[in-house]
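> final25.cif (mmCIF, C-alpha atoms and all ligand atoms) pasted underneath:
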data_start
loop_
_atom_site.label_atom_id
_atom_site.label_comp_id
_atom_site.auth_asym_id
_atom_site.auth_seq_id
_atom_site.Cartn_x
_atom_site.Cartn_y
_atom_site.Cartn_z
CA MET A 823 -11.52 8.79 -11.52
CA LYS A 824 -7.85 9.09 -12.20
CA VAL A 825 -5.00 8.12 -9.88
CA GLU A 826 -1.86 10.23 -10.19
CA ILE A 827 1.35 8.88 -8.72
CA ILE A 828 3.35 11.52 -6.87
CA PRO A 829 6.89 10.53 -5.87
CA CYS A 830 7.83 11.97 -2.47
CA LEU A 831 10.91 11.91 -0.23
CA GLN A 832 13.38 9.13 -1.13
CA ASP A 833 11.15 6.31 -2.32
CA ASN A 834 7.62 7.11 -1.15
CA TYR A 835 4.56 7.34 -3.33
CA SER A 836 1.64 9.57 -2.52
CA TYR A 837 -1.44 9.32 -4.72
CA ILE A 838 -3.83 12.00 -5.87
CA ILE A 839 -7.24 10.71 -6.88
CA VAL A 840 -8.96 13.13 -9.24
CA ASP A 841 -12.65 12.98 -9.99
CA GLU A 842 -12.67 14.67 -13.37
CA LYS A 843 -16.45 15.11 -13.33
CA ASN A 844 -16.41 17.68 -10.53
CA ASN A 845 -12.70 18.39 -10.04
CA LYS A 846 -12.71 17.02 -6.50
CA THR A 847 -9.56 15.37 -5.18
CA CYS A 848 -8.18 13.12 -2.47
CA VAL A 849 -4.57 12.61 -1.57
CA VAL A 850 -3.51 9.28 -0.08
CA ASP A 851 -0.57 9.38 2.36
CA PRO A 852 0.99 12.78 1.64
CA SER A 853 4.58 12.29 2.79
CA GLU A 854 5.24 15.97 2.27
CA SER A 855 3.15 18.87 1.04
CA LYS A 856 5.30 20.39 -1.68
CA PRO A 857 5.00 17.81 -4.49
CA ILE A 858 1.26 17.58 -3.80
CA ILE A 859 0.80 21.35 -4.03
CA ASN A 860 2.92 21.45 -7.20
CA PHE A 861 0.74 18.90 -8.92
CA LEU A 862 -2.52 20.51 -7.81
CA GLU A 863 -1.45 23.99 -8.92
CA LYS A 864 -0.19 22.78 -12.27
CA ASN A 865 -3.56 21.17 -12.89
CA ASN A 866 -5.69 23.92 -11.43
CA LEU A 867 -7.06 21.71 -8.70
CA LYS A 868 -7.72 22.12 -5.01
CA LEU A 869 -7.48 19.45 -2.36
CA ASN A 870 -10.63 18.15 -0.67
CA TYR A 871 -9.61 15.08 1.33
CA ILE A 872 -6.48 13.68 2.95
CA LEU A 873 -6.51 9.91 3.49
CA ASN A 874 -3.94 8.29 5.78
CA THR A 875 -3.21 4.54 5.89
CA HIS A 876 -1.13 4.83 9.08
CA HIS A 877 0.62 7.30 11.33
CA HIS A 878 4.28 7.03 10.20
CA TYR A 879 5.80 10.41 9.33
CA ASP A 880 6.42 9.45 5.69
CA HIS A 881 2.65 8.98 5.26
CA ILE A 882 1.28 11.95 7.20
CA GLY A 883 4.08 14.52 6.84
CA GLY A 884 2.01 16.81 4.60
CA ASN A 885 -1.23 16.69 6.63
CA ILE A 886 -0.93 19.90 8.61
CA GLU A 887 0.21 22.14 5.78
CA LEU A 888 -2.22 20.72 3.22
CA LYS A 889 -5.14 21.01 5.59
CA LYS A 890 -4.23 24.58 6.39
CA LYS A 891 -3.85 25.58 2.74
CA TYR A 892 -6.93 23.85 1.32
CA LYS A 893 -9.15 23.26 4.36
CA ALA A 894 -9.12 19.62 3.32
CA LYS A 895 -10.64 17.03 5.64
CA VAL A 896 -8.32 14.42 7.15
CA ILE A 897 -9.61 10.85 7.15
CA GLY A 898 -8.14 7.94 9.09
CA PHE A 899 -8.69 5.02 11.44
CA ASN A 900 -10.68 5.76 14.58
CA GLY A 901 -8.42 3.50 16.65
CA ASP A 902 -5.46 5.68 15.73
CA TYR A 903 -7.02 9.14 16.05
CA LYS A 904 -4.38 10.28 18.51
CA ARG A 905 -1.57 9.57 16.05
CA ILE A 906 -3.08 10.93 12.82
CA PRO A 907 -2.43 14.69 12.83
CA GLU A 908 -5.53 16.87 12.38
CA ILE A 909 -7.90 13.95 11.87
CA ASP A 910 -11.50 15.03 11.11
CA ILE A 911 -13.27 11.83 10.07
CA LYS A 912 -12.61 8.70 12.12
CA LEU A 913 -13.55 5.43 10.46
CA LYS A 914 -13.97 1.91 11.78
CA ASP A 915 -12.96 -1.40 10.25
CA GLY A 916 -15.40 -2.33 7.48
CA GLU A 917 -16.96 1.12 7.35
CA ILE A 918 -17.67 2.78 4.01
CA TRP A 919 -16.56 6.36 3.53
CA LYS A 920 -18.69 8.13 0.94
CA GLU A 921 -18.39 11.79 0.05
CA ASP A 922 -18.83 13.58 -3.29
CA ASN A 923 -18.26 10.73 -5.78
CA PHE A 924 -15.65 9.02 -3.64
CA GLU A 925 -16.61 5.69 -2.18
CA SER A 926 -14.16 3.57 -0.25
CA LYS A 927 -14.30 0.73 2.22
CA ILE A 928 -11.91 0.87 5.15
CA ILE A 929 -10.21 -2.41 6.01
CA HIS A 930 -8.21 -2.69 9.23
CA ILE A 931 -4.93 -4.48 8.45
CA PRO A 932 -2.74 -4.37 11.58
CA GLY A 933 0.84 -5.67 11.68
CA HIS A 934 3.13 -2.93 10.37
CA THR A 935 1.38 -0.67 12.87
CA LEU A 936 -1.60 -1.53 15.06
CA GLY A 937 -3.79 1.11 13.44
CA HIS A 938 -2.94 0.44 9.80
CA ILE A 939 -5.84 0.49 7.33
CA CYS A 940 -6.23 0.22 3.59
CA PHE A 941 -8.66 2.16 1.43
CA TYR A 942 -10.60 -0.01 -0.99
CA PHE A 943 -12.26 1.98 -3.77
CA TYR A 944 -14.30 -0.99 -4.94
CA ASN A 945 -16.07 0.79 -7.83
CA GLU A 946 -12.72 1.42 -9.51
CA ASP A 947 -10.89 -1.67 -8.17
CA ASN A 948 -8.25 0.52 -6.54
CA LEU A 949 -6.64 -0.50 -3.25
CA PHE A 950 -4.26 1.76 -1.33
CA THR A 951 -2.21 -0.54 0.87
CA GLY A 952 0.27 1.83 2.56
CA ASP A 953 3.11 -0.17 4.11
CA THR A 954 1.25 -3.48 4.48
CA LEU A 955 1.36 -4.98 0.99
CA PHE A 956 4.10 -3.87 -1.40
CA SER A 957 4.77 -5.17 -4.86
CA LEU A 958 6.75 -8.38 -4.24
CA GLY A 959 6.93 -7.68 -0.54
CA CYS A 960 5.15 -6.74 2.65
CA GLY A 961 5.82 -4.24 5.41
CA ARG A 962 8.04 -4.81 8.39
CA ILE A 963 6.20 -5.83 11.52
CA PHE A 964 6.78 -2.91 13.87
CA GLU A 965 3.86 -3.04 16.28
CA GLY A 966 1.80 -6.13 15.56
CA THR A 967 2.42 -9.85 15.62
CA TYR A 968 3.31 -12.18 12.74
CA GLU A 969 -0.19 -13.56 12.99
CA GLN A 970 -1.80 -10.13 12.70
CA MET A 971 0.24 -9.32 9.61
CA PHE A 972 -0.48 -12.73 8.11
CA ASN A 973 -4.21 -12.31 8.69
CA SER A 974 -4.14 -8.78 7.27
CA LEU A 975 -2.56 -10.09 4.07
CA GLU A 976 -5.17 -12.88 3.97
CA LYS A 977 -7.90 -10.22 4.00
CA ILE A 978 -6.30 -8.53 1.01
CA LYS A 979 -5.83 -11.87 -0.79
CA ASN A 980 -9.58 -12.36 -0.74
CA LEU A 981 -10.29 -9.27 -2.84
CA PRO A 982 -10.84 -9.65 -6.61
CA SER A 983 -7.61 -10.47 -8.46
CA LYS A 984 -8.12 -7.55 -10.87
CA THR A 985 -7.68 -5.15 -7.91
CA LYS A 986 -4.96 -2.59 -8.57
CA ILE A 987 -2.49 -2.24 -5.72
CA TYR A 988 -1.13 1.22 -4.91
CA CYS A 989 1.43 0.91 -2.12
CA GLY A 990 3.48 3.39 -0.13
CA HIS A 991 6.98 2.79 -1.48
CA GLU A 992 8.96 1.94 -4.60
CA TYR A 993 10.64 -1.12 -3.11
CA THR A 994 9.81 -3.55 -5.92
CA LEU A 995 13.27 -4.23 -7.36
CA GLN A 996 14.87 -4.75 -3.96
CA ASN A 997 11.94 -6.97 -2.94
CA SER A 998 12.33 -9.05 -6.10
CA LYS A 999 15.84 -10.08 -5.07
CA PHE A 1000 14.47 -11.68 -1.92
CA CYS A 1001 11.58 -13.39 -3.75
CA ILE A 1002 13.84 -14.96 -6.35
CA LYS A 1003 16.22 -16.28 -3.72
CA TYR A 1004 13.59 -18.56 -2.17
CA ASP A 1005 11.26 -18.99 -5.17
CA LYS A 1006 13.72 -19.33 -8.03
CA ASP A 1007 11.70 -21.62 -10.30
CA ASN A 1008 8.66 -19.35 -10.33
CA LEU A 1009 8.15 -18.41 -13.98
CA GLU A 1010 5.58 -15.72 -13.13
CA LEU A 1011 8.13 -14.11 -10.84
CA ILE A 1012 10.83 -14.21 -13.51
CA LYS A 1013 8.41 -12.59 -15.96
CA LYS A 1014 7.49 -9.94 -13.42
CA ILE A 1015 11.13 -9.10 -12.70
CA LYS A 1016 11.75 -8.52 -16.40
CA ALA A 1017 8.73 -6.23 -16.56
CA ILE A 1018 9.71 -4.16 -13.52
CA LYS A 1019 13.29 -3.72 -14.74
CA LYS A 1020 11.96 -2.44 -18.04
CA LYS A 1021 9.71 0.06 -16.26
CA LEU A 1022 12.49 1.28 -13.97
CA ASN A 1023 14.89 1.66 -16.91
CA ASN A 1024 12.30 3.93 -18.50
CA ASN A 1025 12.00 5.92 -15.27
CA GLN A 1026 8.48 4.64 -14.70
CA PRO A 1027 7.03 3.47 -11.40
CA THR A 1028 6.43 -0.26 -11.00
CA ILE A 1029 3.13 0.67 -9.37
CA PRO A 1030 0.27 -0.09 -9.67
CA THR A 1031 0.60 -3.81 -9.62
CA THR A 1032 -2.44 -6.07 -9.48
CA LEU A 1033 -3.47 -8.49 -6.79
CA GLY A 1034 -3.56 -11.25 -9.42
CA GLU A 1035 0.09 -10.67 -10.30
CA GLU A 1036 1.10 -10.46 -6.66
CA LEU A 1037 -0.66 -13.72 -5.80
CA LYS A 1038 1.51 -15.43 -8.40
CA SER A 1039 4.83 -13.70 -7.69
CA ASN A 1040 4.96 -12.15 -4.19
CA ILE A 1041 6.53 -14.69 -1.86
CA PHE A 1042 4.74 -13.24 1.20
CA LEU A 1043 1.40 -14.18 -0.38
CA ARG A 1044 2.64 -17.66 -1.26
CA SER A 1045 3.51 -19.12 2.13
CA ASP A 1046 1.29 -22.13 1.42
CA ASN A 1047 3.48 -23.11 -1.55
CA PHE A 1048 5.24 -26.43 -0.98
CA LYS A 1049 8.34 -25.53 -3.01
CA ILE A 1050 8.93 -22.45 -0.89
CA LYS A 1051 8.43 -24.49 2.28
CA ASN A 1052 10.97 -26.98 0.94
CA ASN A 1053 13.47 -24.24 0.19
CA LEU A 1054 13.13 -23.08 3.79
CA ASN A 1055 13.35 -26.62 5.18
CA ILE A 1056 10.04 -26.32 6.98
CA ASN A 1057 7.81 -28.58 4.92
CA LYS A 1058 5.77 -29.55 7.96
CA GLY A 1059 5.03 -26.05 9.20
CA SER A 1060 1.83 -24.08 8.76
CA SER A 1061 1.51 -21.20 6.31
CA LEU A 1062 1.89 -18.84 9.25
CA ASP A 1063 5.18 -20.53 10.19
CA THR A 1064 6.42 -20.11 6.64
CA PHE A 1065 5.33 -16.49 6.55
CA SER A 1066 7.04 -15.75 9.87
CA LYS A 1067 10.25 -17.39 8.73
CA LEU A 1068 10.20 -15.38 5.48
CA ARG A 1069 9.58 -12.16 7.38
CA ASP A 1070 12.57 -12.85 9.67
CA LEU A 1071 14.83 -13.68 6.74
CA LYS A 1072 13.74 -10.53 4.90
CA ASP A 1073 14.50 -8.36 7.95
CA ASN A 1074 18.12 -9.53 7.74
CA PHE A 1075 18.39 -9.66 3.96
ZN ZN A 1101 5.17 2.83 7.65
FE FE A 1102 6.40 4.11 4.88
#
So, in terms of structure tokens, how does the structure I just supplied come out?

Amino acid sequence: MKVEIIPCLQDNYSYIIVDEKNNKTCVVDPSESKPIINFLEKNNLKLNYILNTHHHYDHIGGNIELKKKYKAKVIGFNGDYKRIPEIDIKLKDGEIWKEDNFESKIIHIPGHTLGHICFYFYNEDNLFTGDTLFSLGCGRIFEGTYEQMFNSLEKIKNLPSKTKIYCGHEYTLQNSKFCIKYDKDNLELIKKIKAIKKKLNNNQPTIPTTLGEELKSNIFLRSDNFKIKNNLNINKGSSLDTFSKLRDLKDNF
């Protein structure tokens, strides 16, 4: 299985998963159809499945056209079937979707939206996190509560640290500026910032990142860290308090 990164719109990433054994493909979060079609045609591929992490237009914008052109099946969260255009296969939290050689667990991670899910391809250690976990950041809380978002990130934190994280946007550099402000002594973060700048200077995506790296450098996964609590002047608060405070500060950053 290969994961191709397809830049879309301003700063979105869609992903095409190619099973080279039988030339079957999935697209994750097609923001728009054109770049997806371009890639498929260049590589003599057709599209079999469309996977959506959530209903925002920059993650489902290509659904209708791609389904029409390739008769691909649309796969999403059952609780959000009214908001995922053209949905065919509705999956529940914890359910495993298995078709052709694709095998992915669906994990419900509400917060950014109430119906947000991630796709965990556990055989390949690939996790598609949409707008919930970014490299060095997390999504804005649009529909859920702080607690829901916090718990969703906790679910992701429990996966193996070698898990590769494929998120919905190239926000890493901007996110890093927030992380370093409140976590300035973190050597892993400083190392990571050097690495992402190098990638961006070479016109490469900073994605995928790994869960292991994020656990060490992403401030939103480190709300139990006493230095960060100190920097925020809330050393007595819970991890959820710290997380909520960070999320508020980031919204106004
Ligand atoms: Zn979104
Ligand atoms: Fe988005």
> Taking a cut-off of 8 Å and counting only C-alpha atoms and all ligand atoms, can you build a table that, for each residue of chain A near ligand FE 1102 (chain A), reports the nearest atom pair and how far apart they are in Å (one decimal), sorted by chain then residue number, as a Markdown table?

| residue | atom | partner | partner_atom | distance |
| --- | --- | --- | --- | --- |
| A:Asn834 | CA | A:FE1102 | FE | 6.8 |
| A:His878 | CA | A:FE1102 | FE | 6.4 |
| A:Tyr879 | CA | A:FE1102 | FE | 7.7 |
| A:Asp880 | CA | A:FE1102 | FE | 5.4 |
| A:His881 | CA | A:FE1102 | FE | 6.2 |
| A:Gly952 | CA | A:FE1102 | FE | 6.9 |
| A:Asp953 | CA | A:FE1102 | FE | 5.5 |
| A:Gly990 | CA | A:FE1102 | FE | 5.8 |
| A:His991 | CA | A:FE1102 | FE | 6.5 |
> Go through A:Lys889, A:Lys999, A:Lys984, A:His876 one by one, measure the shortest atom-to-atom distance of each to Ile939 in chain A using all atoms listed in the file, and give the residue with the smallest value.
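Going through A:Lys889, A:Lys999, A:Lys984, A:His876 one by one, the smallest distance to Ile939 in chain A is for A:His876.
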> Counting all atoms listed in the file, what are the residues, protein, DNA or RNA alike, that approach ligand ZN 1101 (chain A) to within 12 Å? I want them as JSON, numbers by chain.
{"A": [834, 835, 851, 853, 874, 875, 876, 877, 878, 879, 880, 881, 882, 883, 932, 933, 934, 935, 936, 937, 938, 939, 951, 952, 953, 954, 955, 956, 960, 961, 962, 963, 964, 965, 989, 990, 991]}
> Please determine, counting only C-alpha atoms, which residue among A:Asp1005, A:Asp902, A:Glu925, A:Glu992 has the shortest atom-to-atom distance to Asn948 in chain A.
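The answer is A:Glu925, which sits nearest to Asn948 in chain A.
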> For Gly1034 in chain A, list every protein, DNA or RNA residue within 8 Å, evaluated using all atoms listed in the file, and leave out those in the same chain fewer than 5 positions away; present the list as a VMD selection string.
chain A and resid 982 to 985
> So which residues touch Ile929 in chain A within 8 Å, counting all atoms listed in the file, skipping near sequence neighbours fewer than 6 positions away, as a VMD selection string?
chain A and resid 915 to 917 939 to 942
> To one decimal in Å, tell me the separation between CA of Lys920 in chain A and CA of Val840 in chain A.
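So the two atoms, CA of Lys920 in chain A and CA of Val840 in chain A, lie 14.9 Å apart.
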> I'd like to know which of A:Ile931, A:Asn870, A:Ile918, A:Tyr988 is closest to Val825 in chain A, using only C-alpha atoms.
A:Tyr988
> Between CA of Asp910 in chain A and CA of Val896 in chain A, what distance in Å does the model show, to one decimal?
5.1 Å
> Measure the distance from CA of Leu1071 in chain A to CA of Leu1054 in chain A in Å and round it to one decimal.
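Going from CA of Leu1071 in chain A over to CA of Leu1054 in chain A covers 10.0 Å.
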> Name the closest residue to Glu826 in chain A among the candidates A:Asn900, A:Ile1029, A:Lys1006, A:Leu1022; distances are taken between atoms, counting only C-alpha atoms.
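Between A:Asn900, A:Ile1029, A:Lys1006, A:Leu1022, the residue approaching Glu826 in chain A most closely is A:Ile1029.
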> Hey, what's within 9 Å of Pro852 in chain A if we count all atoms listed in the file and toss same-chain stuff fewer than 3 positions away? As a list in words, please?
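Listed by chain and then number, they are Ile828, Cys830, Tyr835, Ser836, Tyr837, Ile838, Val849, Ser855, Pro857, Ile858, Ile872, Leu873, Asn874, Asp880, His881, Ile882, Gly883, Gly884, Asn885 and Leu888 of chain A.
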> Could you check the closest approach to Arg1044 in chain A for each of A:Ile897, A:Leu975, A:Ile1056, A:Leu867 and tell me which residue wins, using all atoms listed in the file?
A:Leu975
> What's around Glu1035 in chain A at 9 Å? Count all atoms listed in the file, leave out sequence neighbours fewer than 3 positions away in its own chain, and write the answer as a PDB file with C-alpha atoms, in the coordinates of the input.

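In the end it all went to selection00.pdb:
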ATOM      1  CA  SER A 983      -7.610 -10.470  -8.460  1.00  0.00           C
ATOM      2  CA  LYS A 984      -8.120  -7.550 -10.870  1.00  0.00           C
ATOM      3  CA  GLU A1010       5.580 -15.720 -13.130  1.00  0.00           C
ATOM      4  CA  LEU A1011       8.130 -14.110 -10.840  1.00  0.00           C
ATOM      5  CA  LYS A1014       7.490  -9.940 -13.420  1.00  0.00           C
ATOM      6  CA  THR A1031       0.600  -3.810  -9.620  1.00  0.00           C
ATOM      7  CA  THR A1032      -2.440  -6.070  -9.480  1.00  0.00           C
ATOM      8  CA  LYS A1038       1.510 -15.430  -8.400  1.00  0.00           C
ATOM      9  CA  SER A1039       4.830 -13.700  -7.690  1.00  0.00           C
ATOM     10  CA  ASN A1040       4.960 -12.150  -4.190  1.00  0.00           C
TER      11      ASN A1040
END
> Contacts of range 1062-1066 of chain A at 12 Å or less, counting all atoms listed in the file, minus same-chain residues fewer than 6 places along, as an MDAnalysis selection string?
chainID A and resid 933 959:960 962:963 967:976 1004 1040:1056 1072:1073
> May I have the protein, DNA and RNA residues with an atom at most 6 Å from (-1.6, -6.9, -2.1), counting all atoms listed in the file in the file's coordinates, returned as a PyMOL selection string?
chain A and resi 955+978+987+1033
> Got time to write the residues from that selection, C-alpha atoms, as an mmCIF file, in the coordinates of the input?

data_model
loop_
_atom_site.group_PDB
_atom_site.id
_atom_site.type_symbol
_atom_site.label_atom_id
_atom_site.label_comp_id
_atom_site.auth_asym_id
_atom_site.auth_seq_id
_atom_site.Cartn_x
_atom_site.Cartn_y
_atom_site.Cartn_z
ATOM 1 C CA LEU A 955 1.360 -4.980 0.990
ATOM 2 C CA ILE A 978 -6.300 -8.530 1.010
ATOM 3 C CA ILE A 987 -2.490 -2.240 -5.720
ATOM 4 C CA LEU A 1033 -3.470 -8.490 -6.790
#
> So, counting all atoms listed in the file, which residue among A:Lys914, A:Asp833, A:Glu887, A:Glu908 is closest to Tyr993 in chain A?
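Looking at the shortest contact to Tyr993 in chain A, the residue is A:Asp833.
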